[in-house]
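Q: Okay, here's the structure, questions in a sec.
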Amino acid sequence: MTPRNFDLIAFDWDGTLFDSTAIIARCIQAAVRDVGGKEPTYEEASYVIGMGLMQALAHAAPDVPEALYPQLGDRYRHHYFAIQHEISLFEGVLPLLAELKARGHLLVVATGKSRRGLDEVLGSADLAGVFDASRTADQTAGKPDPLMLNELMAEFDVPPERTLMVGDTTHDLQMALNAGCPSLAVSYGAHDHAVFGALQPLFVAHSVPQMRDWLLAHG
């Protein structure tokens, strides 16, 4: 077994471990339509994935008045919770997480999801005991603010140089930079990997097997 380079690995959730990008984008589009806003394109709806919910919706629907934000959020949750059972982890994620646990890594989640939404998926039998901690956008600051990473590092007393952020969006990678942490990017989620270079990820994985190989060799 190769020595660990990182003691703490923080994973984004949607688009990194969970195959939810397309469904989230469609739910954002539907919520904006429901309140009479101009429907964002798929690309515009995908771009905001990873932000906190209301920050994301406000960005995706700039023509919707602030007074309608509570209704907009309610409509998004209505659409999402109606179909969340259709979403699953990317193939290969569970074995990878088990391998990382066996190597002694601390595994945490740093996500723009709500606490309720994350707890619902983490409550499955397959994920019981896999993650050591998590932070969501509604219990701390949303990405790219580094607060959720800073809190997780403080909880386990792990310095930034021993912490790795894994994510699929520029929000994830910018958060890592803001926290002083290295990052690993994945290209199969919400954002085009062509824009990742300026955010200095150590590697861009184009599939879960590529992410696994890199993490086991360099993590």
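Residues are referred to by chain and number: the chain letter is A, B, ... according to the order shown in the structure tokens, the number counts from 1 in that chain, and ligands are numbered separately from 1 in the order shown.
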Show which residues sit within 8 Å of region 119-132 of chain A, as a compact mmCIF listing (two decimals) with C-alpha atoms, in the first residue's frame. Count only C-alpha atoms, and ignore same-chain residues fewer than 3 positions away.

A:
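Written file, out-v5.txt:
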# COMPACT_ATOMS: atom_id res chain seq x y z
CA LEU A 94 -19.22 2.49 -3.17
CA LEU A 97 -15.17 4.65 -0.73
CA ALA A 98 -14.61 1.26 0.95
CA LYS A 101 -11.74 3.77 4.32
CA LEU A 106 -11.14 10.29 6.86
CA LEU A 107 -14.01 10.74 4.39
CA VAL A 108 -16.34 13.73 4.55
CA VAL A 109 -18.97 15.40 2.37
CA ARG A 115 -29.10 19.10 5.40
CA ARG A 116 -32.44 17.37 4.88

Q: Can you pull out every residue from region 42-206 of chain A that DSSP, working from the backbone, puts in strand (DSSP E or B), and format the result as a ChimeraX atom specification?

A: /A:49,51,89,106-111,133-136,163-167,183-186,204-205

Q: Residues at most 12 Å from region 194-200 of chain A, counting only C-alpha atoms, excluding those fewer than 6 positions away in the same chain, as JSON, numbers by chain?

A: {"A": [47, 144, 165, 167, 168, 169, 170, 171, 172, 173, 174, 175, 176, 177, 178, 180, 181, 182, 183, 184, 185, 186, 187, 188, 206]}

Q: Keeping N, CA, C and O atoms for every residue in the selection just given, could you write it to a file as a JSON list (two decimals), in the first residue's frame?

A:
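Writing the result to part-v3.json gives the following:
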[["chain", "number", "residue", "atom", "x", "y", "z"],
["A", 47, "TYR", "N", -24.91, 25.10, -14.34],
["A", 47, "TYR", "CA", -23.80, 25.90, -13.80],
["A", 47, "TYR", "C", -23.95, 26.15, -12.32],
["A", 47, "TYR", "O", -22.96, 26.19, -11.58],
["A", 144, "PRO", "N", -18.42, 29.32, -3.20],
["A", 144, "PRO", "CA", -17.03, 28.91, -2.96],
["A", 144, "PRO", "C", -16.42, 29.42, -1.65],
["A", 144, "PRO", "O", -15.21, 29.35, -1.48],
["A", 165, "MET", "N", -9.88, 18.15, -1.69],
["A", 165, "MET", "CA", -11.26, 18.39, -2.10],
["A", 165, "MET", "C", -11.49, 17.76, -3.46],
["A", 165, "MET", "O", -10.71, 17.98, -4.40],
["A", 167, "GLY", "N", -14.29, 17.43, -6.53],
["A", 167, "GLY", "CA", -15.54, 18.01, -6.98],
["A", 167, "GLY", "C", -15.64, 18.14, -8.49],
["A", 167, "GLY", "O", -14.65, 17.98, -9.20],
["A", 168, "ASP", "N", -16.86, 18.46, -8.94],
["A", 168, "ASP", "CA", -17.14, 18.52, -10.38],
["A", 168, "ASP", "C", -17.41, 19.92, -10.89],
["A", 168, "ASP", "O", -17.71, 20.09, -12.07],
["A", 169, "THR", "N", -17.32, 20.93, -10.02],
["A", 169, "THR", "CA", -17.65, 22.28, -10.46],
["A", 169, "THR", "C", -16.54, 23.27, -10.11],
["A", 169, "THR", "O", -15.71, 23.01, -9.23],
["A", 170, "THR", "N", -16.59, 24.41, -10.78],
["A", 170, "THR", "CA", -15.64, 25.48, -10.44],
["A", 170, "THR", "C", -15.87, 25.97, -9.01],
["A", 170, "THR", "O", -14.94, 26.43, -8.36],
["A", 171, "HIS", "N", -17.11, 25.86, -8.51],
["A", 171, "HIS", "CA", -17.39, 26.28, -7.13],
["A", 171, "HIS", "C", -16.60, 25.41, -6.14],
["A", 171, "HIS", "O", -16.07, 25.91, -5.15],
["A", 172, "ASP", "N", -16.53, 24.10, -6.42],
["A", 172, "ASP", "CA", -15.77, 23.18, -5.56],
["A", 172, "ASP", "C", -14.28, 23.53, -5.58],
["A", 172, "ASP", "O", -13.62, 23.59, -4.54],
["A", 173, "LEU", "N", -13.76, 23.73, -6.78],
["A", 173, "LEU", "CA", -12.32, 23.96, -6.93],
["A", 173, "LEU", "C", -11.93, 25.32, -6.36],
["A", 173, "LEU", "O", -10.86, 25.46, -5.76],
["A", 174, "GLN", "N", -12.78, 26.33, -6.54],
["A", 174, "GLN", "CA", -12.50, 27.64, -5.97],
["A", 174, "GLN", "C", -12.56, 27.59, -4.45],
["A", 174, "GLN", "O", -11.75, 28.22, -3.77],
["A", 175, "MET", "N", -13.49, 26.83, -3.90],
["A", 175, "MET", "CA", -13.56, 26.67, -2.45],
["A", 175, "MET", "C", -12.26, 26.06, -1.92],
["A", 175, "MET", "O", -11.72, 26.50, -0.90],
["A", 176, "ALA", "N", -11.76, 25.05, -2.63],
["A", 176, "ALA", "CA", -10.50, 24.43, -2.21],
["A", 176, "ALA", "C", -9.36, 25.44, -2.23],
["A", 176, "ALA", "O", -8.57, 25.53, -1.28],
["A", 177, "LEU", "N", -9.28, 26.22, -3.31],
["A", 177, "LEU", "CA", -8.25, 27.26, -3.39],
["A", 177, "LEU", "C", -8.39, 28.25, -2.23],
["A", 177, "LEU", "O", -7.40, 28.63, -1.60],
["A", 178, "ASN", "N", -9.62, 28.65, -1.96],
["A", 178, "ASN", "CA", -9.86, 29.62, -0.89],
["A", 178, "ASN", "C", -9.48, 29.08, 0.48],
["A", 178, "ASN", "O", -9.12, 29.84, 1.38],
["A", 180, "GLY", "N", -7.04, 26.89, 0.85],
["A", 180, "GLY", "CA", -5.63, 26.49, 0.82],
["A", 180, "GLY", "C", -5.42, 25.01, 0.64],
["A", 180, "GLY", "O", -4.35, 24.48, 0.96],
["A", 181, "CYS", "N", -6.44, 24.30, 0.10],
["A", 181, "CYS", "CA", -6.39, 22.84, -0.06],
["A", 181, "CYS", "C", -6.13, 22.45, -1.51],
["A", 181, "CYS", "O", -6.65, 23.10, -2.42],
["A", 182, "PRO", "N", -5.41, 21.37, -1.75],
["A", 182, "PRO", "CA", -5.35, 20.81, -3.10],
["A", 182, "PRO", "C", -6.71, 20.26, -3.50],
["A", 182, "PRO", "O", -7.58, 20.00, -2.65],
["A", 183, "SER", "N", -6.90, 20.06, -4.80],
["A", 183, "SER", "CA", -8.18, 19.53, -5.28],
["A", 183, "SER", "C", -7.97, 18.52, -6.39],
["A", 183, "SER", "O", -6.95, 18.51, -7.08],
["A", 184, "LEU", "N", -8.98, 17.68, -6.54],
["A", 184, "LEU", "CA", -9.09, 16.73, -7.65],
["A", 184, "LEU", "C", -10.40, 17.04, -8.33],
["A", 184, "LEU", "O", -11.45, 17.09, -7.68],
["A", 185, "ALA", "N", -10.38, 17.25, -9.64],
["A", 185, "ALA", "CA", -11.60, 17.58, -10.39],
["A", 185, "ALA", "C", -12.09, 16.36, -11.14],
["A", 185, "ALA", "O", -11.30, 15.51, -11.57],
["A", 186, "VAL", "N", -13.41, 16.27, -11.30],
["A", 186, "VAL", "CA", -13.99, 15.26, -12.17],
["A", 186, "VAL", "C", -14.77, 15.96, -13.27],
["A", 186, "VAL", "O", -15.42, 16.98, -13.03],
["A", 187, "SER", "N", -14.70, 15.40, -14.47],
["A", 187, "SER", "CA", -15.26, 16.09, -15.64],
["A", 187, "SER", "C", -16.63, 15.57, -16.04],
["A", 187, "SER", "O", -17.23, 16.08, -16.98],
["A", 188, "TYR", "N", -17.16, 14.56, -15.33],
["A", 188, "TYR", "CA", -18.41, 13.93, -15.74],
["A", 188, "TYR", "C", -19.63, 14.52, -15.04],
["A", 188, "TYR", "O", -20.72, 13.96, -15.11],
["A", 206, "HIS", "N", -11.83, 11.72, -15.74],
["A", 206, "HIS", "CA", -12.94, 11.73, -16.69],
["A", 206, "HIS", "C", -13.92, 10.58, -16.45],
["A", 206, "HIS", "O", -14.88, 10.42, -17.22]]

Q: Taking the DSSP assignment computed from this structure's backbone, write out as a count of residues only all residues of region 13-195 of chain A that belong to helix (DSSP H, G or I).

A: 96

Q: Closest to Val32 (chain A) among A:Gln71, A:Asn150, A:Gln139, A:Ser114, using only C-alpha atoms?

A: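 Nearest candidate to Val32 (chain A) out of A:Gln71, A:Asn150, A:Gln139, A:Ser114: A:Gln71.
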
Q: For Lys113 (chain A), list every protein, DNA or RNA residue within 10 Å, evaluated using only C-alpha atoms, and leave out those in the same chain fewer than 6 positions away; present the list as a VMD selection string.

A: chain A and resid 12 to 14 49 to 53 119 135 to 138 142

Q: Just give me the gap between CA of Pro160 (chain A) and CA of Met54 (chain A) in Å, one decimal is fine.

A: 28.4 Å

Q: Using CA of Ala25 (chain A) and CA of Tyr42 (chain A) as the two end points, give the distance in Å to one decimal.

A: 6.2 Å

Q: Show me, as a PyMOL selection string, the residues that have an atom within 9 Å of Ile87 (chain A) when counting only C-alpha atoms, minus same-chain residues fewer than 6 positions from it.

A: chain A and resi 18-20+23

Q: Counting only C-alpha atoms, which residue out of A:His218, A:Glu151, A:His193, A:Val93 sits closest to Thr16 (chain A)?

A: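 Closest candidate: A:Val93.
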
Q: Show me, as a short mmCIF file (atom, residue, chain, number, x, y, z; two decimals) with C-alpha atoms, in the first residue's frame, the residues that have an atom within 9 Å of Glu44 (chain A) when counting only C-alpha atoms, minus same-chain residues fewer than 4 positions from it.

A:
data_model
loop_
_atom_site.label_atom_id
_atom_site.label_comp_id
_atom_site.auth_asym_id
_atom_site.auth_seq_id
_atom_site.Cartn_x
_atom_site.Cartn_y
_atom_site.Cartn_z
CA ALA A 25 -31.03 20.97 -13.75
CA PRO A 40 -32.86 28.97 -17.82
CA VAL A 48 -25.36 26.74 -10.43
CA HIS A 59 -28.42 33.06 -10.12
CA ALA A 60 -30.38 30.84 -12.51
#

Q: Taking only C-alpha atoms into account, which of A:His191, A:Ala31, A:Phe6, A:Phe11 comes nearest Ala133 (chain A)?

A: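 Once distances to Ala133 (chain A) are computed over only C-alpha atoms, the minimum belongs to A:Phe11.
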
Q: Need the shell around Arg26 (chain A): protein/DNA/RNA residues with any atom at most 10 Å away, counting only C-alpha atoms. Skip same-chain ones fewer than 2 positions apart. Format as a count of residues only?

A: 16

Q: Give me, please, the distance in Å between CA of Arg77 (chain A) and CA of Ile9 (chain A), quoted to one decimal.

A: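 Here the two named atoms are 28.7 Å from each other.
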